[in-house]
Amino acid sequence: MDSLRAVFTDIGKAIRSRRPLVHHITNYVTAGFCADAALAIGASPMMADEPAEMAEIAPQADALVCNLGTIHLAQRDALLAAASLAGRRGIPVILDPVGVMSSSLRLETAKAILALSCVTILKGNAAESRALLSLDGGGRGVDSASEEHPEVLARALAARYHCVAAVTGAVDAVSDGTRLARAANGTPYLSRITGSGCMTGSLMGAAAAVAEDPFYAALWALTCMNVSAEEAERISRGPGTFRACLMDALGRHDGSLLADRFRGSLE
Amino acid sequence: MDSLRAVFTDIGKAIRSRRPLVHHITNYVTAGFCADAALAIGASPMMADEPAEMAEIAPQADALVCNLGTIHLAQRDALLAAASLAGRRGIPVILDPVGVMSSSLRLETAKAILALSCVTILKGNAAESRALLSLDGGGRGVDSASEEHPEVLARALAARYHCVAAVTGAVDAVSDGTRLARAANGTPYLSRITGSGCMTGSLMGAAAAVAEDPFYAALWALTCMNVSAEEAERISRGPGTFRACLMDALGRHDGSLLADRFRGSLE
Amino acid sequence: MDSLRAVFTDIGKAIRSRRPLVHHITNYVTAGFCADAALAIGASPMMADEPAEMAEIAPQADALVCNLGTIHLAQRDALLAAASLAGRRGIPVILDPVGVMSSSLRLETAKAILALSCVTILKGNAAESRALLSLDGGGRGVDSASEEHPEVLARALAARYHCVAAVTGAVDAVSDGTRLARAANGTPYLSRITGSGCMTGSLMGAAAAVAEDPFYAALWALTCMNVSAEEAERISRGPGTFRACLMDALGRHDGSLLADRFRGSLE
């Protein structure tokens, strides 16, 4: 894992030194938590989703995070405008298709963003992934009921949408269509606070802004979140102190530590 | 209080085992805190308020929480659409009429939701309750200046709107028009953080989704929040650590403990 | 500093005893944190930004905080309506022109509010201040890259817009065009959580609601936030516990302590 150590160390250092501006078009539920997570790892978050200012805001960013968690019609317009601009300028785009199995508006918006061929990393749970692959079943609301075969879903999404796909679950899977990583870090505590998935998307944005290879950006972000959660769990007394300790741990992220703690495989 | 112990235990266990999906149409100030509170007790929160997706989202839910805290015109449409759907399908609806004494839009929206005859539990402070009863006086902004006679207000609201009414104050009152409960748990700390009322509404949504009797669902939620707050206060050093400790305590809720700690009366 | 001690003590006590209603039209990222900060110091926050209810809501407030952090077109209408009403009724208005260097919508909205001659305290970082003075350069996104000469910027803003101007940076500067205060309290930790600037704006709103002199209201708010942050830093283990400890410290604010800890100058 020496190369993983080097890659993870470089990503972490580059985020801290370059302070990438991560433009979020995201839900109002977890926006504050996502901004805090981005700041904790050394990035600079900006949340802006008024369509009228996308032409000016989007080109300034080093990465764009598109999260459909509380989508509105006006926000859909902002998403498509910003994603299109980002794609034309080579700004990495992260798509977190929250709840696409639960509404046509979400599913159609996600597919419209994907059709722009601008998405660098597509991150979803099993139910969201199945919806994007037009497979049946899997979830209600925004949580996934299906945990099977994340690596199959990741490979299929990557092939279908020509991007890096990260499918989260008890074991996360990351694929760019050729390579596959499995990552088994994390704790069930992450599902006891809101926004752990959204925050991982913010970390992916920061990492993709500085990393040469989005496959490793996705893996770094998952590992950073999950290893930080493992650390936080040890000193938490419940979900409230867990959230505070998680932010503390994100603020101490270290590439060598992440590589040491990484439990998974690369093929 | 043996029957209360049994009822409270059943509600808490059912939330953990059934993980009810609680659809929130709520304000952006406390949405993250409400989602965290719902997750802490074992429910599955979903926030969605785009009118265009209500026809698909609302029927999936096990309960609907309508909170008027930062109402917008589009959100009013979503509230009415979702509440109407929930009513027709027998999905419990919680109405938290935040600030109805302060704006016609809020008051008219609350009355329009109530006119759908879908509201299962109506929860408000004294000023909000007075406004819904067309009584004078009581508050500015979103906080109540009036603390008198919560049980009178609760009985009147329940009779007027044919629902369970929970009126919060130093002593909370819950009535379904026939029965009346007084609940004196809690701490002034709850008014030193934002969203304690909103979070109680989320807890009511989770409880109403699983309880046979919404009167006890409302009482369980108030008691769970207030007893958790009492626990949190003992180890807090101010409102910041109180919030974290409150979420921790919510995550440990236990029906027997809640029944033991309950300070109030049932008639 | 005996007079500063008296002024700071009076402001703190008046906030606690009068519980001013601080109406926020603000961003959804930090709204919950701002509400918590206002509650911690003893004020009563209200967030409301639907244009249709501004005519009823705005006149109820003791202060109005206008924050452009996630501006939308409808919110711009609410900002102008509420600021105009506040100005006509003598309600203090705080303007936090978040990101005005990054979008025309933000810059034009800020200038339109300033043109109403209602702004009591204008608070921004160096980049935002330069944009409002039509000077080149300074920042991307919502963070400032320029730290030079805050006192020059503060004097220029105060003269140009006939208000108290507070320019934040490593050393904050406050001017009303005649007087100048420099304030060197604070910690870099404040830039590692989201919303420290927004929360300072909320504190300014509460202070301006009760203080006779908005120059001291601005200085009290900056000092309260920065001294609380210094206290929080000593017992924090990272940005997550820092946020909780900061809210705790805000809840204990004391005029004598703030005056004792104040590091700066008045001229």
# chains A, B, ... in the order shown; residues from 1 in each chain; ligands from 1

$ interface_residues --of "chain C" --to "chain B" --cutoff "9 Å" --atoms "only C-alpha atoms" --output "MDAnalysis selection string"
chainID C and resid 21:23 28:37 39:42 44:57 60:61 241 243:252

$ select_by_dssp --residues "region 119-263 of chain C" --states "strand (DSSP E)" --output "VMD selection string"
chain C and resid 119 to 125 139 to 140 143 to 144 164 to 168 172 to 175 180 to 183

$ closest_residue --among "C:Cys224, C:Ala6, C:Ala115, C:Ala86" --to "Met199 (chain C)" --atoms "only C-alpha atoms"
C:Cys224

$ residues_around --residues "region 169-175 of chain B" --least-positions-apart "3" --cutoff "6 Å" --atoms "only C-alpha atoms" --output "number ranges by chain"
B: 147, 150-151, 154-155, 164-166, 179-184
